[in-house]
Amino acid sequence: MTTPSKVLSVLDLRKQYGSTVAVDGISFDVNRNEIVGLLGPNGAGKTTTINMVLGVLEPSSGSIRIEGVELAKRRAQALARTNFAAVYAPLPGNLTVQQNLRVFGLIYGVKELAERIETLLTQFDLVRFRDVKCGVLSSGEQTRVALAKAMINHPQLLLLDEPTASLDPATARDIRARIREFARQGTAGVLWTSHNMYEVEEVCDRVLFVSHGKILLEGDPRTLPREHGKATLEELFITVAREPLAMERH
Ligand code: ADP
């Protein structure tokens, strides 16, 4: 069996709430070993897009393929190799680190789960927190547990919604390094949202700028600003957010 190079393929995706069009015909791919940044101001449609890819929200129209499998038609198969971490979806705080990993491992039907948990505890420097309840851990430690959980089923597609929000710079750097290593060495692709343009430049291979539910720009975060006459990614971001119509005409 050949392994497709695209882990995620989104085609003409739309989501409408009454008269509000949250996502307005978005198309993009995420390739294996690639980290793609989904950028855009608040209300642009990023979370709605991620929730549709996760199968939590049903699209109004369009298609989502994960590893070539159509989400709408073969949902369980498409989602089996997907996982997710976000600060607004913390793990149950009354369960210990090990219990949390076990619960999610069982949900995903992970084989040789005890061994997988040991590997992740070591990889994310969590061995000493094994029997500590997640609710009392620091933000950085909780993020490491959330990432360990997100990788428990060897996902081919990893969705990260602001994984480093609320972390101090040193901890955020450590988390970024772990995610980069995961993307480089494994067989997965990563879709990452962030408002930190420094982080995006450091981590993402490609960025998609979303505004009012549409992708306005796409490219390498290190060269894209110059291509549009801007000095930094932040400057470009602000221009796109303020003047989406001007960018659309480019
Ligand atoms: P982002 O994640 O980029 O901040 P969202 O995807 O959360 O943006 O929101 C995109 C747009 O869709 C916003 O205008 C938001 O108000 C609207 N929206 C999101 N969820 C709902 C909902 N459940 N009902 C109505 N409107 C919604």
# chains A, B, ... in the order shown; residues from 1 in each chain; ligands from 1

call {"tool": "residues_near_ligand", "arguments": {"ligand": "ligand 1", "cutoff": "6 Å", "atoms": "only C-alpha atoms and all ligand atoms", "output": "ChimeraX atom specification"}}
result
/A:17,22,41-48

call {"tool": "write_last_selection", "arguments": {"atoms": "N, CA and C atoms", "output": "compact mmCIF listing (two decimals), in the first residue's frame"}}
result
# COMPACT_ATOMS: atom_id res chain seq x y z
N TYR A 17 -23.48 29.95 9.63
CA TYR A 17 -24.42 29.98 10.76
C TYR A 17 -25.45 31.06 10.45
N ALA A 22 -18.87 31.64 8.44
CA ALA A 22 -17.67 31.54 9.28
C ALA A 22 -16.47 31.06 8.46
N PRO A 41 -6.84 36.95 12.22
CA PRO A 41 -7.36 37.64 13.41
C PRO A 41 -8.49 36.87 14.08
N ASN A 42 -8.86 37.29 15.26
CA ASN A 42 -9.99 36.67 15.96
C ASN A 42 -11.23 36.75 15.07
N GLY A 43 -11.95 35.65 15.01
CA GLY A 43 -13.17 35.63 14.20
C GLY A 43 -12.93 35.28 12.75
N ALA A 44 -11.68 34.97 12.37
CA ALA A 44 -11.36 34.71 10.95
C ALA A 44 -11.94 33.38 10.46
N GLY A 45 -12.13 32.43 11.39
CA GLY A 45 -12.67 31.13 10.99
C GLY A 45 -11.72 29.97 11.26
N LYS A 46 -10.66 30.21 12.03
CA LYS A 46 -9.65 29.17 12.28
C LYS A 46 -10.22 28.01 13.12
N THR A 47 -10.83 28.36 14.25
CA THR A 47 -11.36 27.32 15.14
C THR A 47 -12.47 26.53 14.46
N THR A 48 -13.31 27.23 13.70
CA THR A 48 -14.39 26.54 12.97
C THR A 48 -13.78 25.54 11.99

call {"tool": "closest_atom_pairs", "arguments": {"of": "region 57-153 of chain A", "to": "region 178-202 of chain A", "cutoff": "12 Å", "atoms": "only C-alpha atoms", "output": "JSON lines"}}
result
{"residue": "A:Ile66", "atom": "CA", "partner": "A:Gly189", "partner_atom": "CA", "distance": 10.5}
{"residue": "A:Glu67", "atom": "CA", "partner": "A:Ala188", "partner_atom": "CA", "distance": 9.9}
{"residue": "A:Arg81", "atom": "CA", "partner": "A:Ala188", "partner_atom": "CA", "distance": 9.3}
{"residue": "A:Thr82", "atom": "CA", "partner": "A:Ala188", "partner_atom": "CA", "distance": 9.3}
{"residue": "A:Asn83", "atom": "CA", "partner": "A:Val190", "partner_atom": "CA", "distance": 9.9}
{"residue": "A:Phe84", "atom": "CA", "partner": "A:Leu191", "partner_atom": "CA", "distance": 9.6}
{"residue": "A:Ala85", "atom": "CA", "partner": "A:Trp192", "partner_atom": "CA", "distance": 9.8}
{"residue": "A:Ala86", "atom": "CA", "partner": "A:Thr193", "partner_atom": "CA", "distance": 9.6}
{"residue": "A:Val87", "atom": "CA", "partner": "A:Thr193", "partner_atom": "CA", "distance": 11.6}
{"residue": "A:Leu120", "atom": "CA", "partner": "A:Arg178", "partner_atom": "CA", "distance": 11.6}
{"residue": "A:Gln123", "atom": "CA", "partner": "A:Arg178", "partner_atom": "CA", "distance": 8.7}
{"residue": "A:Phe124", "atom": "CA", "partner": "A:Arg178", "partner_atom": "CA", "distance": 8.1}
{"residue": "A:Asp125", "atom": "CA", "partner": "A:Arg178", "partner_atom": "CA", "distance": 10.8}
{"residue": "A:Thr143", "atom": "CA", "partner": "A:Arg178", "partner_atom": "CA", "distance": 11.3}
{"residue": "A:Arg144", "atom": "CA", "partner": "A:Arg178", "partner_atom": "CA", "distance": 9.2}
{"residue": "A:Ala146", "atom": "CA", "partner": "A:Ile179", "partner_atom": "CA", "distance": 11.9}
{"residue": "A:Leu147", "atom": "CA", "partner": "A:Ile179", "partner_atom": "CA", "distance": 8.3}
{"residue": "A:Ala148", "atom": "CA", "partner": "A:Arg178", "partner_atom": "CA", "distance": 10.2}
{"residue": "A:Ala150", "atom": "CA", "partner": "A:Ile179", "partner_atom": "CA", "distance": 10.7}
{"residue": "A:Met151", "atom": "CA", "partner": "A:Phe182", "partner_atom": "CA", "distance": 8.9}
{"residue": "A:Asn153", "atom": "CA", "partner": "A:Ala188", "partner_atom": "CA", "distance": 11.5}

call {"tool": "residues_around", "arguments": {"residues": "Leu95 (chain A)", "least_positions_apart": "2", "cutoff": "9 Å", "atoms": "only C-alpha atoms", "output": "ChimeraX atom specification"}}
result
/A:91-93,97-100,131-135

call {"tool": "write_last_selection", "arguments": {"atoms": "N, CA and C atoms", "output": "compact mmCIF listing (two decimals), in the first residue's frame"}}
result
# COMPACT_ATOMS: atom_id res chain seq x y z
N LEU A 91 -7.11 18.52 29.90
CA LEU A 91 -7.42 17.14 30.29
C LEU A 91 -8.06 17.17 31.68
N PRO A 92 -8.89 16.17 32.00
CA PRO A 92 -9.53 16.15 33.32
C PRO A 92 -8.51 16.32 34.45
N GLY A 93 -8.72 17.38 35.26
CA GLY A 93 -7.74 17.74 36.29
C GLY A 93 -7.73 16.81 37.49
N VAL A 97 -1.64 12.06 35.63
CA VAL A 97 -1.05 12.06 34.29
C VAL A 97 -1.20 10.67 33.66
N GLN A 98 -0.84 9.64 34.41
CA GLN A 98 -0.91 8.29 33.88
C GLN A 98 -2.35 7.87 33.57
N GLN A 99 -3.28 8.23 34.48
CA GLN A 99 -4.70 7.86 34.26
C GLN A 99 -5.23 8.54 33.00
N ASN A 100 -4.88 9.82 32.82
CA ASN A 100 -5.33 10.53 31.62
C ASN A 100 -4.82 9.84 30.36
N ASP A 131 2.02 10.10 38.89
CA ASP A 131 0.87 9.92 39.79
C ASP A 131 0.33 11.25 40.34
N VAL A 132 0.68 12.33 39.67
CA VAL A 132 0.19 13.65 40.09
C VAL A 132 -1.07 13.99 39.29
N LYS A 133 -2.05 14.56 39.98
CA LYS A 133 -3.29 14.95 39.28
C LYS A 133 -2.98 16.12 38.33
N CYS A 134 -3.53 16.04 37.13
CA CYS A 134 -3.22 17.04 36.11
C CYS A 134 -3.59 18.45 36.54
N GLY A 135 -4.67 18.58 37.33
CA GLY A 135 -5.15 19.89 37.75
C GLY A 135 -4.15 20.70 38.56

call {"tool": "closest_residue", "arguments": {"among": "A:Val10, A:Leu38, A:Val103, A:Leu233", "to": "Leu71 (chain A)", "atoms": "only C-alpha atoms"}}
result
A:Val10

call {"tool": "select_by_dssp", "arguments": {"residues": "region 142-230 of chain A", "states": "helix (DSSP H, G or I)", "output": "MDAnalysis selection string"}}
result
chainID A and resid 142:150 169:185 197:203 224:227

call {"tool": "residues_around", "arguments": {"residues": "region 212-228 of chain A", "least_positions_apart": "2", "cutoff": "7 Å", "atoms": "only C-alpha atoms", "output": "ChimeraX atom specification"}}
result
/A:22-26,44-45,201,205-210,230-233,236,247-248

call {"tool": "select_by_dssp", "arguments": {"residues": "region 10-218 of chain A", "states": "strand (DSSP E)", "output": "NGL selection string"}}
result
:A and (10-17 or 20-31 or 35-39 or 61-66 or 69-70 or 82-86 or 157-161 or 189-193 or 206-211 or 214-218)

call {"tool": "atom_distance", "arguments": {"atom1": "CA of Val36 (chain A)", "atom2": "CA of Gly68 (chain A)"}}
result
18.0 Å

call {"tool": "residues_around", "arguments": {"residues": "region 127-129 of chain A", "least_positions_apart": "5", "cutoff": "8 Å", "atoms": "only C-alpha atoms", "output": "PDB file with N, CA and C atoms, in the first residue's frame"}}
result
ATOM      1  N   VAL A  97      -1.637  12.058  35.629  1.00  0.00           N
ATOM      2  CA  VAL A  97      -1.053  12.062  34.286  1.00  0.00           C
ATOM      3  C   VAL A  97      -1.204  10.669  33.655  1.00  0.00           C
ATOM      4  N   GLU A 118       4.716   4.653  28.811  1.00  0.00           N
ATOM      5  CA  GLU A 118       6.078   4.810  29.355  1.00  0.00           C
ATOM      6  C   GLU A 118       6.948   5.624  28.390  1.00  0.00           C
ATOM      7  N   LEU A 121       5.845   9.262  28.630  1.00  0.00           N
ATOM      8  CA  LEU A 121       6.240   9.874  29.909  1.00  0.00           C
ATOM      9  C   LEU A 121       7.711  10.274  29.854  1.00  0.00           C
ATOM     10  N   THR A 122       8.530   9.410  29.264  1.00  0.00           N
ATOM     11  CA  THR A 122       9.959   9.710  29.152  1.00  0.00           C
ATOM     12  C   THR A 122      10.188  10.834  28.156  1.00  0.00           C
TER      13      THR A 122
END

call {"tool": "atom_distance", "arguments": {"atom1": "CA of Ala172 (chain A)", "atom2": "CA of Phe28 (chain A)"}}
result
27.1 Å

call {"tool": "closest_residue", "arguments": {"among": "A:Gly229, A:Asp161, A:Arg65, A:Leu8", "to": "Leu39 (chain A)", "atoms": "only C-alpha atoms"}}
result
A:Asp161

call {"tool": "residues_around", "arguments": {"residues": "Ala241 (chain A)", "least_positions_apart": "2", "cutoff": "8 Å", "atoms": "only C-alpha atoms", "output": "NGL selection string"}}
result
:A and (40-41 or 211 or 237-239 or 243-244)

call {"tool": "decode", "arguments": {"residues": "region 173-187 of chain A", "atoms": "N, CA, C and O atoms", "output": "PDB file, in the first residue's frame"}}
result
ATOM      1  N   ARG A 173       9.576  27.519  24.094  1.00  0.00           N
ATOM      2  CA  ARG A 173      10.639  27.070  23.183  1.00  0.00           C
ATOM      3  C   ARG A 173      10.806  25.553  23.270  1.00  0.00           C
ATOM      4  O   ARG A 173      10.958  24.868  22.263  1.00  0.00           O
ATOM      5  N   ASP A 174      10.754  25.042  24.493  1.00  0.00           N
ATOM      6  CA  ASP A 174      10.879  23.595  24.704  1.00  0.00           C
ATOM      7  C   ASP A 174       9.734  22.844  24.009  1.00  0.00           C
ATOM      8  O   ASP A 174       9.953  21.842  23.323  1.00  0.00           O
ATOM      9  N   ILE A 175       8.530  23.373  24.157  1.00  0.00           N
ATOM     10  CA  ILE A 175       7.353  22.742  23.531  1.00  0.00           C
ATOM     11  C   ILE A 175       7.488  22.770  22.003  1.00  0.00           C
ATOM     12  O   ILE A 175       7.223  21.779  21.322  1.00  0.00           O
ATOM     13  N   ARG A 176       7.935  23.918  21.475  1.00  0.00           N
ATOM     14  CA  ARG A 176       8.106  24.038  20.017  1.00  0.00           C
ATOM     15  C   ARG A 176       9.100  23.001  19.502  1.00  0.00           C
ATOM     16  O   ARG A 176       8.880  22.368  18.474  1.00  0.00           O
ATOM     17  N   ALA A 177      10.191  22.844  20.252  1.00  0.00           N
ATOM     18  CA  ALA A 177      11.228  21.885  19.835  1.00  0.00           C
ATOM     19  C   ALA A 177      10.666  20.466  19.795  1.00  0.00           C
ATOM     20  O   ALA A 177      10.943  19.701  18.872  1.00  0.00           O
ATOM     21  N   ARG A 178       9.837  20.130  20.783  1.00  0.00           N
ATOM     22  CA  ARG A 178       9.263  18.779  20.826  1.00  0.00           C
ATOM     23  C   ARG A 178       8.313  18.554  19.646  1.00  0.00           C
ATOM     24  O   ARG A 178       8.272  17.474  19.063  1.00  0.00           O
ATOM     25  N   ILE A 179       7.539  19.582  19.303  1.00  0.00           N
ATOM     26  CA  ILE A 179       6.590  19.429  18.195  1.00  0.00           C
ATOM     27  C   ILE A 179       7.355  19.338  16.861  1.00  0.00           C
ATOM     28  O   ILE A 179       7.014  18.545  15.990  1.00  0.00           O
ATOM     29  N   ARG A 180       8.401  20.164  16.745  1.00  0.00           N
ATOM     30  CA  ARG A 180       9.215  20.116  15.514  1.00  0.00           C
ATOM     31  C   ARG A 180       9.827  18.742  15.330  1.00  0.00           C
ATOM     32  O   ARG A 180       9.844  18.185  14.233  1.00  0.00           O
ATOM     33  N   GLU A 181      10.349  18.190  16.423  1.00  0.00           N
ATOM     34  CA  GLU A 181      10.965  16.867  16.362  1.00  0.00           C
ATOM     35  C   GLU A 181       9.934  15.820  15.905  1.00  0.00           C
ATOM     36  O   GLU A 181      10.220  14.976  15.071  1.00  0.00           O
ATOM     37  N   PHE A 182       8.729  15.946  16.458  1.00  0.00           N
ATOM     38  CA  PHE A 182       7.639  15.028  16.093  1.00  0.00           C
ATOM     39  C   PHE A 182       7.361  15.108  14.587  1.00  0.00           C
ATOM     40  O   PHE A 182       7.213  14.090  13.910  1.00  0.00           O
ATOM     41  N   ALA A 183       7.307  16.344  14.068  1.00  0.00           N
ATOM     42  CA  ALA A 183       6.990  16.507  12.646  1.00  0.00           C
ATOM     43  C   ALA A 183       8.134  16.043  11.750  1.00  0.00           C
ATOM     44  O   ALA A 183       7.900  15.478  10.686  1.00  0.00           O
ATOM     45  N   ARG A 184       9.368  16.269  12.171  1.00  0.00           N
ATOM     46  CA  ARG A 184      10.517  15.917  11.326  1.00  0.00           C
ATOM     47  C   ARG A 184      10.743  14.409  11.285  1.00  0.00           C
ATOM     48  O   ARG A 184      11.041  13.837  10.259  1.00  0.00           O
ATOM     49  N   GLN A 185      10.646  13.783  12.456  1.00  0.00           N
ATOM     50  CA  GLN A 185      11.068  12.383  12.539  1.00  0.00           C
ATOM     51  C   GLN A 185       9.951  11.394  12.258  1.00  0.00           C
ATOM     52  O   GLN A 185      10.209  10.258  11.909  1.00  0.00           O
ATOM     53  N   GLY A 186       8.722  11.827  12.453  1.00  0.00           N
ATOM     54  CA  GLY A 186       7.605  10.887  12.310  1.00  0.00           C
ATOM     55  C   GLY A 186       7.077  10.855  10.899  1.00  0.00           C
ATOM     56  O   GLY A 186       7.779  11.161   9.935  1.00  0.00           O
ATOM     57  N   THR A 187       5.811  10.482  10.807  1.00  0.00           N
ATOM     58  CA  THR A 187       5.182  10.380   9.493  1.00  0.00           C
ATOM     59  C   THR A 187       3.942  11.255   9.449  1.00  0.00           C
ATOM     60  O   THR A 187       3.050  11.048   8.648  1.00  0.00           O
TER      61      THR A 187
END
